[in-house]
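Chemist: My file is final.txt. It has compact mmCIF, N, CA, C and O atoms and all ligand atoms:
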```txt
# COMPACT_ATOMS: atom_id res chain seq x y z
N MET A 1 -73.62 -59.51 147.28
CA MET A 1 -73.34 -58.76 148.49
C MET A 1 -74.54 -58.78 149.42
O MET A 1 -74.37 -58.83 150.63
N ARG A 2 -75.74 -58.74 148.81
CA ARG A 2 -76.94 -58.79 149.62
C ARG A 2 -76.99 -60.09 150.41
O ARG A 2 -77.30 -60.11 151.61
N VAL A 3 -76.65 -61.21 149.73
CA VAL A 3 -76.66 -62.51 150.40
C VAL A 3 -75.55 -62.59 151.44
O VAL A 3 -75.75 -63.08 152.54
N SER A 4 -74.37 -62.07 151.10
CA SER A 4 -73.23 -62.22 152.02
C SER A 4 -73.42 -61.40 153.29
O SER A 4 -72.80 -61.70 154.31
N ASP A 5 -74.26 -60.39 153.25
CA ASP A 5 -74.51 -59.57 154.44
C ASP A 5 -75.49 -60.23 155.42
O ASP A 5 -75.63 -59.78 156.55
N ARG A 6 -76.16 -61.29 154.97
CA ARG A 6 -77.11 -61.94 155.88
C ARG A 6 -76.39 -62.51 157.10
O ARG A 6 -75.28 -63.03 156.98
N PRO A 7 -77.02 -62.43 158.25
CA PRO A 7 -76.40 -63.00 159.45
C PRO A 7 -76.42 -64.53 159.42
O PRO A 7 -77.12 -65.13 158.59
N ALA A 8 -75.64 -65.14 160.30
CA ALA A 8 -75.60 -66.60 160.38
C ALA A 8 -76.98 -67.14 160.72
O ALA A 8 -77.76 -66.51 161.44
N ASP A 9 -77.29 -68.29 160.14
CA ASP A 9 -78.54 -68.97 160.49
C ASP A 9 -78.22 -70.43 160.78
O ASP A 9 -77.05 -70.83 160.81
N SER A 10 -79.25 -71.23 160.99
CA SER A 10 -79.00 -72.62 161.40
C SER A 10 -78.32 -73.43 160.29
O SER A 10 -77.57 -74.37 160.57
N ASP A 11 -78.59 -73.09 159.03
CA ASP A 11 -77.94 -73.81 157.92
C ASP A 11 -76.50 -73.34 157.68
O ASP A 11 -75.68 -74.09 157.19
N HIS A 12 -76.23 -72.07 157.97
CA HIS A 12 -74.90 -71.49 157.71
C HIS A 12 -74.44 -70.80 158.99
O HIS A 12 -74.55 -69.59 159.13
N THR A 13 -73.89 -71.60 159.89
CA THR A 13 -73.58 -71.09 161.22
C THR A 13 -72.41 -70.11 161.24
O THR A 13 -72.23 -69.39 162.21
N TYR A 14 -71.60 -70.06 160.17
CA TYR A 14 -70.50 -69.10 160.09
C TYR A 14 -70.87 -67.88 159.26
O TYR A 14 -70.01 -67.09 158.89
N GLY A 15 -72.14 -67.74 158.91
CA GLY A 15 -72.58 -66.61 158.11
C GLY A 15 -72.54 -66.94 156.63
O GLY A 15 -72.34 -68.10 156.23
N HIS A 16 -72.76 -65.93 155.79
CA HIS A 16 -72.88 -66.14 154.34
C HIS A 16 -71.79 -65.42 153.56
O HIS A 16 -71.89 -65.25 152.35
N GLY A 17 -70.73 -65.00 154.25
CA GLY A 17 -69.68 -64.21 153.60
C GLY A 17 -68.95 -64.95 152.49
O GLY A 17 -68.43 -64.34 151.56
N LYS A 18 -68.89 -66.29 152.57
CA LYS A 18 -68.13 -67.05 151.58
C LYS A 18 -68.74 -66.95 150.18
O LYS A 18 -68.07 -67.24 149.19
N ILE A 19 -70.00 -66.54 150.08
CA ILE A 19 -70.62 -66.43 148.76
C ILE A 19 -69.89 -65.39 147.92
O ILE A 19 -69.85 -65.50 146.69
N GLU A 20 -69.27 -64.41 148.57
CA GLU A 20 -68.52 -63.41 147.81
C GLU A 20 -67.31 -64.05 147.13
O GLU A 20 -67.00 -63.73 145.98
N SER A 21 -66.63 -64.94 147.83
CA SER A 21 -65.49 -65.64 147.23
C SER A 21 -65.95 -66.50 146.06
O SER A 21 -65.30 -66.54 145.01
N PHE A 22 -67.05 -67.18 146.23
CA PHE A 22 -67.57 -68.02 145.15
C PHE A 22 -67.96 -67.17 143.95
O PHE A 22 -67.67 -67.52 142.80
N SER A 23 -68.61 -66.04 144.22
CA SER A 23 -69.00 -65.13 143.15
C SER A 23 -67.78 -64.61 142.40
O SER A 23 -67.76 -64.57 141.16
N ALA A 24 -66.72 -64.26 143.14
CA ALA A 24 -65.49 -63.79 142.50
C ALA A 24 -64.87 -64.91 141.66
O ALA A 24 -64.34 -64.66 140.57
N PHE A 25 -64.96 -66.14 142.14
CA PHE A 25 -64.43 -67.29 141.39
C PHE A 25 -65.17 -67.44 140.06
O PHE A 25 -64.54 -67.62 139.01
N VAL A 26 -66.50 -67.34 140.09
CA VAL A 26 -67.29 -67.47 138.86
C VAL A 26 -66.95 -66.32 137.91
O VAL A 26 -66.77 -66.54 136.70
N GLU A 27 -66.85 -65.10 138.44
CA GLU A 27 -66.51 -63.94 137.59
C GLU A 27 -65.14 -64.12 136.95
O GLU A 27 -64.94 -63.80 135.78
N THR A 28 -64.20 -64.63 137.73
CA THR A 28 -62.86 -64.86 137.20
C THR A 28 -62.91 -65.88 136.06
O THR A 28 -62.25 -65.70 135.03
N GLY A 29 -63.71 -66.91 136.23
CA GLY A 29 -63.85 -67.90 135.17
C GLY A 29 -64.43 -67.29 133.90
O GLY A 29 -63.96 -67.56 132.79
N LEU A 30 -65.44 -66.44 134.05
CA LEU A 30 -66.04 -65.78 132.89
C LEU A 30 -65.03 -64.88 132.18
O LEU A 30 -64.94 -64.87 130.95
N LEU A 31 -64.25 -64.14 132.98
CA LEU A 31 -63.23 -63.27 132.39
C LEU A 31 -62.15 -64.08 131.68
O LEU A 31 -61.66 -63.68 130.62
N LEU A 32 -61.79 -65.22 132.27
CA LEU A 32 -60.78 -66.08 131.65
C LEU A 32 -61.28 -66.61 130.31
O LEU A 32 -60.56 -66.56 129.30
N VAL A 33 -62.53 -67.08 130.28
CA VAL A 33 -63.10 -67.60 129.03
C VAL A 33 -63.15 -66.48 127.98
O VAL A 33 -62.77 -66.69 126.82
N THR A 34 -63.58 -65.28 128.39
CA THR A 34 -63.65 -64.15 127.47
C THR A 34 -62.26 -63.80 126.93
O THR A 34 -62.08 -63.57 125.73
N SER A 35 -61.27 -63.78 127.83
CA SER A 35 -59.90 -63.44 127.42
C SER A 35 -59.36 -64.45 126.42
O SER A 35 -58.77 -64.08 125.40
N VAL A 36 -59.56 -65.73 126.70
CA VAL A 36 -59.07 -66.77 125.80
C VAL A 36 -59.74 -66.63 124.43
O VAL A 36 -59.08 -66.74 123.39
N TYR A 37 -61.03 -66.34 124.42
CA TYR A 37 -61.75 -66.18 123.16
C TYR A 37 -61.20 -64.98 122.37
O TYR A 37 -60.99 -65.07 121.16
N ILE A 38 -60.98 -63.85 123.07
CA ILE A 38 -60.46 -62.65 122.40
C ILE A 38 -59.06 -62.92 121.83
O ILE A 38 -58.76 -62.55 120.68
N ILE A 39 -58.21 -63.59 122.60
CA ILE A 39 -56.86 -63.91 122.12
C ILE A 39 -56.94 -64.84 120.90
O ILE A 39 -56.25 -64.63 119.89
N PHE A 40 -57.80 -65.83 120.97
CA PHE A 40 -57.97 -66.76 119.84
C PHE A 40 -58.42 -66.01 118.59
O PHE A 40 -57.85 -66.18 117.51
N GLU A 41 -59.45 -65.17 118.75
CA GLU A 41 -59.96 -64.39 117.60
C GLU A 41 -58.88 -63.46 117.05
O GLU A 41 -58.78 -63.29 115.83
N ALA A 42 -58.10 -62.87 117.94
CA ALA A 42 -57.04 -61.97 117.49
C ALA A 42 -56.03 -62.72 116.63
O ALA A 42 -55.62 -62.24 115.56
N PHE A 43 -55.63 -63.91 117.05
CA PHE A 43 -54.66 -64.68 116.26
C PHE A 43 -55.25 -65.10 114.92
O PHE A 43 -54.59 -65.05 113.89
N VAL A 44 -56.53 -65.52 114.94
CA VAL A 44 -57.18 -65.91 113.68
C VAL A 44 -57.21 -64.74 112.72
O VAL A 44 -56.90 -64.89 111.53
N ARG A 45 -57.54 -63.56 113.23
CA ARG A 45 -57.60 -62.38 112.36
C ARG A 45 -56.22 -61.98 111.86
O ARG A 45 -56.07 -61.57 110.72
N LEU A 46 -55.24 -62.07 112.74
CA LEU A 46 -53.88 -61.69 112.34
C LEU A 46 -53.31 -62.62 111.29
O LEU A 46 -52.62 -62.19 110.36
N LEU A 47 -53.61 -63.91 111.43
CA LEU A 47 -52.91 -64.89 110.60
C LEU A 47 -53.72 -65.38 109.40
O LEU A 47 -53.15 -65.70 108.37
N TYR A 48 -55.06 -65.43 109.50
CA TYR A 48 -55.83 -66.12 108.46
C TYR A 48 -56.89 -65.27 107.79
O TYR A 48 -57.35 -65.61 106.71
N LYS A 49 -57.34 -64.21 108.41
CA LYS A 49 -58.47 -63.46 107.86
C LYS A 49 -58.06 -62.06 107.46
O LYS A 49 -57.24 -61.43 108.12
N GLN A 50 -58.65 -61.57 106.41
CA GLN A 50 -58.49 -60.18 106.02
C GLN A 50 -59.73 -59.44 106.54
O GLN A 50 -60.84 -59.73 106.13
N VAL A 51 -59.54 -58.53 107.50
CA VAL A 51 -60.67 -57.85 108.13
C VAL A 51 -60.59 -56.37 107.85
O VAL A 51 -59.54 -55.74 108.03
N HIS A 52 -61.69 -55.83 107.38
CA HIS A 52 -61.77 -54.39 107.18
C HIS A 52 -62.72 -53.81 108.23
O HIS A 52 -63.91 -54.11 108.22
N LEU A 53 -62.20 -53.02 109.16
CA LEU A 53 -63.02 -52.48 110.24
C LEU A 53 -63.63 -51.15 109.82
O LEU A 53 -62.96 -50.32 109.22
N GLU A 54 -64.89 -50.98 110.16
CA GLU A 54 -65.54 -49.71 109.93
C GLU A 54 -66.04 -49.16 111.26
O GLU A 54 -66.96 -49.72 111.85
N PRO A 55 -65.42 -48.12 111.78
CA PRO A 55 -65.88 -47.55 113.05
C PRO A 55 -67.30 -47.03 112.92
O PRO A 55 -67.65 -46.45 111.89
N SER A 56 -68.11 -47.28 113.94
CA SER A 56 -69.48 -46.76 113.88
C SER A 56 -69.82 -46.03 115.18
O SER A 56 -69.32 -46.38 116.26
N LEU A 57 -70.63 -45.03 115.06
CA LEU A 57 -71.04 -44.24 116.22
C LEU A 57 -71.80 -45.10 117.22
O LEU A 57 -71.65 -44.95 118.44
N LEU A 58 -72.61 -46.04 116.72
CA LEU A 58 -73.40 -46.91 117.60
C LEU A 58 -72.48 -47.70 118.53
O LEU A 58 -72.74 -47.80 119.74
N VAL A 59 -71.40 -48.26 118.00
CA VAL A 59 -70.48 -49.05 118.82
C VAL A 59 -69.85 -48.17 119.89
O VAL A 59 -69.72 -48.57 121.06
N ILE A 60 -69.46 -46.97 119.50
CA ILE A 60 -68.84 -46.05 120.47
C ILE A 60 -69.85 -45.69 121.56
O ILE A 60 -69.50 -45.64 122.75
N LEU A 61 -71.11 -45.48 121.18
CA LEU A 61 -72.14 -45.17 122.18
C LEU A 61 -72.35 -46.35 123.13
O LEU A 61 -72.50 -46.17 124.34
N ILE A 62 -72.37 -47.57 122.58
CA ILE A 62 -72.55 -48.75 123.43
C ILE A 62 -71.37 -48.90 124.39
O ILE A 62 -71.56 -49.21 125.58
N LEU A 63 -70.16 -48.67 123.91
CA LEU A 63 -68.99 -48.74 124.79
C LEU A 63 -69.08 -47.69 125.90
O LEU A 63 -68.77 -47.97 127.06
N GLY A 64 -69.51 -46.49 125.54
CA GLY A 64 -69.68 -45.44 126.55
C GLY A 64 -70.72 -45.81 127.58
O GLY A 64 -70.52 -45.61 128.79
N LEU A 65 -71.83 -46.42 127.12
CA LEU A 65 -72.87 -46.88 128.03
C LEU A 65 -72.33 -47.95 128.98
O LEU A 65 -72.57 -47.92 130.19
N ALA A 66 -71.56 -48.91 128.42
CA ALA A 66 -70.99 -49.98 129.24
C ALA A 66 -70.04 -49.40 130.29
O ALA A 66 -70.05 -49.83 131.46
N MET A 67 -69.24 -48.41 129.90
CA MET A 67 -68.33 -47.78 130.86
C MET A 67 -69.11 -47.06 131.95
O MET A 67 -68.74 -47.11 133.13
N GLY A 68 -70.21 -46.39 131.58
CA GLY A 68 -71.04 -45.72 132.57
C GLY A 68 -71.65 -46.69 133.56
O GLY A 68 -71.66 -46.46 134.78
N ILE A 69 -72.16 -47.84 133.04
CA ILE A 69 -72.74 -48.86 133.91
C ILE A 69 -71.67 -49.43 134.85
O ILE A 69 -71.90 -49.61 136.05
N ASP A 70 -70.46 -49.68 134.32
CA ASP A 70 -69.38 -50.19 135.18
C ASP A 70 -69.02 -49.19 136.27
O ASP A 70 -68.74 -49.57 137.40
N LEU A 71 -69.02 -47.91 135.93
CA LEU A 71 -68.71 -46.89 136.92
C LEU A 71 -69.74 -46.90 138.04
O LEU A 71 -69.40 -46.88 139.24
N ILE A 72 -71.03 -46.97 137.67
CA ILE A 72 -72.09 -47.00 138.68
C ILE A 72 -71.97 -48.25 139.54
O ILE A 72 -72.07 -48.21 140.77
N ARG A 73 -71.71 -49.40 138.90
CA ARG A 73 -71.58 -50.66 139.64
C ARG A 73 -70.39 -50.61 140.60
O ARG A 73 -70.49 -51.06 141.74
N SER A 74 -69.27 -50.06 140.16
CA SER A 74 -68.10 -50.04 141.04
C SER A 74 -68.33 -49.12 142.23
O SER A 74 -67.89 -49.41 143.34
N ARG A 75 -69.04 -48.02 141.98
CA ARG A 75 -69.35 -47.12 143.12
C ARG A 75 -70.30 -47.78 144.10
O ARG A 75 -70.15 -47.63 145.31
N ALA A 76 -71.28 -48.54 143.57
CA ALA A 76 -72.21 -49.25 144.45
C ALA A 76 -71.47 -50.32 145.25
O ALA A 76 -71.70 -50.49 146.45
N ALA A 77 -70.54 -51.03 144.59
CA ALA A 77 -69.76 -52.05 145.30
C ALA A 77 -68.88 -51.42 146.36
O ALA A 77 -68.73 -51.95 147.46
N ARG A 78 -68.31 -50.27 146.04
CA ARG A 78 -67.45 -49.59 147.00
C ARG A 78 -68.26 -49.14 148.23
O ARG A 78 -67.77 -49.20 149.35
N ALA A 79 -69.50 -48.71 147.98
CA ALA A 79 -70.35 -48.27 149.10
C ALA A 79 -70.67 -49.41 150.04
O ALA A 79 -70.92 -49.20 151.22
N CYS A 80 -70.64 -50.67 149.52
CA CYS A 80 -70.94 -51.83 150.36
C CYS A 80 -69.73 -52.30 151.16
O CYS A 80 -69.88 -53.05 152.11
N GLY A 81 -68.54 -51.88 150.75
CA GLY A 81 -67.33 -52.36 151.39
C GLY A 81 -67.09 -51.73 152.75
O GLY A 81 -67.80 -50.81 153.16
N PRO A 82 -66.06 -52.24 153.45
CA PRO A 82 -65.74 -51.67 154.76
C PRO A 82 -65.17 -50.26 154.64
O PRO A 82 -64.53 -49.94 153.65
N ARG A 83 -65.46 -49.44 155.63
CA ARG A 83 -64.96 -48.06 155.62
C ARG A 83 -63.51 -48.06 156.10
O ARG A 83 -63.19 -48.59 157.16
N ILE A 84 -62.63 -47.47 155.32
CA ILE A 84 -61.23 -47.35 155.71
C ILE A 84 -60.88 -45.85 155.71
O ILE A 84 -60.89 -45.22 154.65
N SER A 85 -60.65 -45.29 156.86
CA SER A 85 -60.24 -43.88 156.90
C SER A 85 -59.68 -43.55 158.27
O SER A 85 -59.89 -44.22 159.23
ZN ZN B 101 -78.30 -69.44 155.28
```
Show me the file's structure as structure tokens.
Modeler:
Amino acid sequence: MRVSDRPADSDHTYGHGKIESFSAFVETGLLLVTSVYIIFEAFVRLLYKQVHLEPSLLVILILGLAMGIDLIRSRAARACGPRIS
């Protein structure tokens, strides 16, 4: 977002806004790869592996931390967006 807010210069006469689309494209690719991996692992576990899960407090704390970071990031991204009211 910092880059996309830069004004047009001699190298990029239409501005730098397209970097946001490219960034979204890369993020989508990462999410797609992650999703395919999770689906693959799920099928392997369902069909071929016997897995015994043990819930741990550490994992729950890490998930809570990740959710907190995502909340802060989404609010920061929202603050950068256009005002609609
Ligand atoms: Zn430029």
Chemist: List every residue of chain A that has an atom at most 10 Å from any atom of ligand ZN 101 (chain B), and for each one report the closest atom pair and its distance in Å to one decimal, counting only C-alpha atoms and all ligand atoms, with rows sorted by chain and then by increasing residue number, as JSON lines.
Modeler:
```
{"residue": "A:Val3", "atom": "CA", "partner": "B:ZN101", "partner_atom": "ZN", "distance": 8.6}
{"residue": "A:Ser4", "atom": "CA", "partner": "B:ZN101", "partner_atom": "ZN", "distance": 9.4}
{"residue": "A:Arg6", "atom": "CA", "partner": "B:ZN101", "partner_atom": "ZN", "distance": 7.6}
{"residue": "A:Pro7", "atom": "CA", "partner": "B:ZN101", "partner_atom": "ZN", "distance": 7.9}
{"residue": "A:Ala8", "atom": "CA", "partner": "B:ZN101", "partner_atom": "ZN", "distance": 6.4}
{"residue": "A:Asp9", "atom": "CA", "partner": "B:ZN101", "partner_atom": "ZN", "distance": 5.2}
{"residue": "A:Ser10", "atom": "CA", "partner": "B:ZN101", "partner_atom": "ZN", "distance": 6.9}
{"residue": "A:Asp11", "atom": "CA", "partner": "B:ZN101", "partner_atom": "ZN", "distance": 5.1}
{"residue": "A:His12", "atom": "CA", "partner": "B:ZN101", "partner_atom": "ZN", "distance": 4.7}
{"residue": "A:Thr13", "atom": "CA", "partner": "B:ZN101", "partner_atom": "ZN", "distance": 7.8}
{"residue": "A:Tyr14", "atom": "CA", "partner": "B:ZN101", "partner_atom": "ZN", "distance": 9.2}
{"residue": "A:Gly15", "atom": "CA", "partner": "B:ZN101", "partner_atom": "ZN", "distance": 7.0}
{"residue": "A:His16", "atom": "CA", "partner": "B:ZN101", "partner_atom": "ZN", "distance": 6.4}
```
Chemist: Take every atom of region 3-17 of chain A listed in the file, pad by 5 Å on each side, and give me the axis-aligned box centre and edge lengths in Å, one decimal, as AutoDock Vina command-line options.
Modeler:
```
--center_x -73.8 --center_y -67.0 --center_z 156.0 --size_x 20.8 --size_y 24.8 --size_z 22.5
```
Chemist: If you measure from CA of Val51 (chain A) to atom O of Glu27 (chain A), what distance in Å do you get, rounded to one decimal?
Modeler: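 Distance between the two atoms: 28.6 Å.
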Chemist: For the helix (DSSP H, G or I) assignment from backbone DSSP, which residues of chain A qualify? Please present them as a compact mmCIF listing (two decimals) with N, CA, C and O atoms, in the coordinates of the input.
Modeler:
```txt
# COMPACT_ATOMS: atom_id res chain seq x y z
N LYS A 18 -68.89 -66.29 152.57
CA LYS A 18 -68.13 -67.05 151.58
C LYS A 18 -68.74 -66.95 150.18
O LYS A 18 -68.07 -67.24 149.19
N ILE A 19 -70.00 -66.54 150.08
CA ILE A 19 -70.62 -66.43 148.76
C ILE A 19 -69.89 -65.39 147.92
O ILE A 19 -69.85 -65.50 146.69
N GLU A 20 -69.27 -64.41 148.57
CA GLU A 20 -68.52 -63.41 147.81
C GLU A 20 -67.31 -64.05 147.13
O GLU A 20 -67.00 -63.73 145.98
N SER A 21 -66.63 -64.94 147.83
CA SER A 21 -65.49 -65.64 147.23
C SER A 21 -65.95 -66.50 146.06
O SER A 21 -65.30 -66.54 145.01
N PHE A 22 -67.05 -67.18 146.23
CA PHE A 22 -67.57 -68.02 145.15
C PHE A 22 -67.96 -67.17 143.95
O PHE A 22 -67.67 -67.52 142.80
N SER A 23 -68.61 -66.04 144.22
CA SER A 23 -69.00 -65.13 143.15
C SER A 23 -67.78 -64.61 142.40
O SER A 23 -67.76 -64.57 141.16
N ALA A 24 -66.72 -64.26 143.14
CA ALA A 24 -65.49 -63.79 142.50
C ALA A 24 -64.87 -64.91 141.66
O ALA A 24 -64.34 -64.66 140.57
N PHE A 25 -64.96 -66.14 142.14
CA PHE A 25 -64.43 -67.29 141.39
C PHE A 25 -65.17 -67.44 140.06
O PHE A 25 -64.54 -67.62 139.01
N VAL A 26 -66.50 -67.34 140.09
CA VAL A 26 -67.29 -67.47 138.86
C VAL A 26 -66.95 -66.32 137.91
O VAL A 26 -66.77 -66.54 136.70
N GLU A 27 -66.85 -65.10 138.44
CA GLU A 27 -66.51 -63.94 137.59
C GLU A 27 -65.14 -64.12 136.95
O GLU A 27 -64.94 -63.80 135.78
N THR A 28 -64.20 -64.63 137.73
CA THR A 28 -62.86 -64.86 137.20
C THR A 28 -62.91 -65.88 136.06
O THR A 28 -62.25 -65.70 135.03
N GLY A 29 -63.71 -66.91 136.23
CA GLY A 29 -63.85 -67.90 135.17
C GLY A 29 -64.43 -67.29 133.90
O GLY A 29 -63.96 -67.56 132.79
N LEU A 30 -65.44 -66.44 134.05
CA LEU A 30 -66.04 -65.78 132.89
C LEU A 30 -65.03 -64.88 132.18
O LEU A 30 -64.94 -64.87 130.95
N LEU A 31 -64.25 -64.14 132.98
CA LEU A 31 -63.23 -63.27 132.39
C LEU A 31 -62.15 -64.08 131.68
O LEU A 31 -61.66 -63.68 130.62
N LEU A 32 -61.79 -65.22 132.27
CA LEU A 32 -60.78 -66.08 131.65
C LEU A 32 -61.28 -66.61 130.31
O LEU A 32 -60.56 -66.56 129.30
N VAL A 33 -62.53 -67.08 130.28
CA VAL A 33 -63.10 -67.60 129.03
C VAL A 33 -63.15 -66.48 127.98
O VAL A 33 -62.77 -66.69 126.82
N THR A 34 -63.58 -65.28 128.39
CA THR A 34 -63.65 -64.15 127.47
C THR A 34 -62.26 -63.80 126.93
O THR A 34 -62.08 -63.57 125.73
N SER A 35 -61.27 -63.78 127.83
CA SER A 35 -59.90 -63.44 127.42
C SER A 35 -59.36 -64.45 126.42
O SER A 35 -58.77 -64.08 125.40
N VAL A 36 -59.56 -65.73 126.70
CA VAL A 36 -59.07 -66.77 125.80
C VAL A 36 -59.74 -66.63 124.43
O VAL A 36 -59.08 -66.74 123.39
N TYR A 37 -61.03 -66.34 124.42
CA TYR A 37 -61.75 -66.18 123.16
C TYR A 37 -61.20 -64.98 122.37
O TYR A 37 -60.99 -65.07 121.16
N ILE A 38 -60.98 -63.85 123.07
CA ILE A 38 -60.46 -62.65 122.40
C ILE A 38 -59.06 -62.92 121.83
O ILE A 38 -58.76 -62.55 120.68
N ILE A 39 -58.21 -63.59 122.60
CA ILE A 39 -56.86 -63.91 122.12
C ILE A 39 -56.94 -64.84 120.90
O ILE A 39 -56.25 -64.63 119.89
N PHE A 40 -57.80 -65.83 120.97
CA PHE A 40 -57.97 -66.76 119.84
C PHE A 40 -58.42 -66.01 118.59
O PHE A 40 -57.85 -66.18 117.51
N GLU A 41 -59.45 -65.17 118.75
CA GLU A 41 -59.96 -64.39 117.60
C GLU A 41 -58.88 -63.46 117.05
O GLU A 41 -58.78 -63.29 115.83
N ALA A 42 -58.10 -62.87 117.94
CA ALA A 42 -57.04 -61.97 117.49
C ALA A 42 -56.03 -62.72 116.63
O ALA A 42 -55.62 -62.24 115.56
N PHE A 43 -55.63 -63.91 117.05
CA PHE A 43 -54.66 -64.68 116.26
C PHE A 43 -55.25 -65.10 114.92
O PHE A 43 -54.59 -65.05 113.89
N VAL A 44 -56.53 -65.52 114.94
CA VAL A 44 -57.18 -65.91 113.68
C VAL A 44 -57.21 -64.74 112.72
O VAL A 44 -56.90 -64.89 111.53
N ARG A 45 -57.54 -63.56 113.23
CA ARG A 45 -57.60 -62.38 112.36
C ARG A 45 -56.22 -61.98 111.86
O ARG A 45 -56.07 -61.57 110.72
N LEU A 46 -55.24 -62.07 112.74
CA LEU A 46 -53.88 -61.69 112.34
C LEU A 46 -53.31 -62.62 111.29
O LEU A 46 -52.62 -62.19 110.36
N LEU A 47 -53.61 -63.91 111.43
CA LEU A 47 -52.91 -64.89 110.60
C LEU A 47 -53.72 -65.38 109.40
O LEU A 47 -53.15 -65.70 108.37
N LEU A 57 -70.63 -45.03 115.06
CA LEU A 57 -71.04 -44.24 116.22
C LEU A 57 -71.80 -45.10 117.22
O LEU A 57 -71.65 -44.95 118.44
N LEU A 58 -72.61 -46.04 116.72
CA LEU A 58 -73.40 -46.91 117.60
C LEU A 58 -72.48 -47.70 118.53
O LEU A 58 -72.74 -47.80 119.74
N VAL A 59 -71.40 -48.26 118.00
CA VAL A 59 -70.48 -49.05 118.82
C VAL A 59 -69.85 -48.17 119.89
O VAL A 59 -69.72 -48.57 121.06
N ILE A 60 -69.46 -46.97 119.50
CA ILE A 60 -68.84 -46.05 120.47
C ILE A 60 -69.85 -45.69 121.56
O ILE A 60 -69.50 -45.64 122.75
N LEU A 61 -71.11 -45.48 121.18
CA LEU A 61 -72.14 -45.17 122.18
C LEU A 61 -72.35 -46.35 123.13
O LEU A 61 -72.50 -46.17 124.34
N ILE A 62 -72.37 -47.57 122.58
CA ILE A 62 -72.55 -48.75 123.43
C ILE A 62 -71.37 -48.90 124.39
O ILE A 62 -71.56 -49.21 125.58
N LEU A 63 -70.16 -48.67 123.91
CA LEU A 63 -68.99 -48.74 124.79
C LEU A 63 -69.08 -47.69 125.90
O LEU A 63 -68.77 -47.97 127.06
N GLY A 64 -69.51 -46.49 125.54
CA GLY A 64 -69.68 -45.44 126.55
C GLY A 64 -70.72 -45.81 127.58
O GLY A 64 -70.52 -45.61 128.79
N LEU A 65 -71.83 -46.42 127.12
CA LEU A 65 -72.87 -46.88 128.03
C LEU A 65 -72.33 -47.95 128.98
O LEU A 65 -72.57 -47.92 130.19
N ALA A 66 -71.56 -48.91 128.42
CA ALA A 66 -70.99 -49.98 129.24
C ALA A 66 -70.04 -49.40 130.29
O ALA A 66 -70.05 -49.83 131.46
N MET A 67 -69.24 -48.41 129.90
CA MET A 67 -68.33 -47.78 130.86
C MET A 67 -69.11 -47.06 131.95
O MET A 67 -68.74 -47.11 133.13
N GLY A 68 -70.21 -46.39 131.58
CA GLY A 68 -71.04 -45.72 132.57
C GLY A 68 -71.65 -46.69 133.56
O GLY A 68 -71.66 -46.46 134.78
N ILE A 69 -72.16 -47.84 133.04
CA ILE A 69 -72.74 -48.86 133.91
C ILE A 69 -71.67 -49.43 134.85
O ILE A 69 -71.90 -49.61 136.05
N ASP A 70 -70.46 -49.68 134.32
CA ASP A 70 -69.38 -50.19 135.18
C ASP A 70 -69.02 -49.19 136.27
O ASP A 70 -68.74 -49.57 137.40
N LEU A 71 -69.02 -47.91 135.93
CA LEU A 71 -68.71 -46.89 136.92
C LEU A 71 -69.74 -46.90 138.04
O LEU A 71 -69.40 -46.88 139.24
N ILE A 72 -71.03 -46.97 137.67
CA ILE A 72 -72.09 -47.00 138.68
C ILE A 72 -71.97 -48.25 139.54
O ILE A 72 -72.07 -48.21 140.77
N ARG A 73 -71.71 -49.40 138.90
CA ARG A 73 -71.58 -50.66 139.64
C ARG A 73 -70.39 -50.61 140.60
O ARG A 73 -70.49 -51.06 141.74
N SER A 74 -69.27 -50.06 140.16
CA SER A 74 -68.10 -50.04 141.04
C SER A 74 -68.33 -49.12 142.23
O SER A 74 -67.89 -49.41 143.34
N ARG A 75 -69.04 -48.02 141.98
CA ARG A 75 -69.35 -47.12 143.12
C ARG A 75 -70.30 -47.78 144.10
O ARG A 75 -70.15 -47.63 145.31
N ALA A 76 -71.28 -48.54 143.57
CA ALA A 76 -72.21 -49.25 144.45
C ALA A 76 -71.47 -50.32 145.25
O ALA A 76 -71.70 -50.49 146.45
N ALA A 77 -70.54 -51.03 144.59
CA ALA A 77 -69.76 -52.05 145.30
C ALA A 77 -68.88 -51.42 146.36
O ALA A 77 -68.73 -51.95 147.46
N ARG A 78 -68.31 -50.27 146.04
CA ARG A 78 -67.45 -49.59 147.00
C ARG A 78 -68.26 -49.14 148.23
O ARG A 78 -67.77 -49.20 149.35
N ALA A 79 -69.50 -48.71 147.98
CA ALA A 79 -70.35 -48.27 149.10
C ALA A 79 -70.67 -49.41 150.04
O ALA A 79 -70.92 -49.20 151.22
N CYS A 80 -70.64 -50.67 149.52
CA CYS A 80 -70.94 -51.83 150.36
C CYS A 80 -69.73 -52.30 151.16
O CYS A 80 -69.88 -53.05 152.11
```
Chemist: Between atom N of Met1 (chain A) and atom N of Phe22 (chain A), what is the distance, to one decimal in Å?
Modeler: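 Here the two named atoms are 10.2 Å from each other.
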Chemist: What is the distance, in Å and to one decimal place, between CA of Asp5 (chain A) and atom O of Pro82 (chain A)?
Modeler: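 Separating CA of Asp5 (chain A) from atom O of Pro82 (chain A) is a distance of 13.9 Å.
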Chemist: Applying 12 Å and only C-alpha atoms, which residues near Ala77 (chain A) remain after dropping the ones on its own chain fewer than 6 positions away? List them as a list in words.
Modeler: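 The filter keeps Met1, Arg2, Glu20, Asp70 and Leu71 of chain A.
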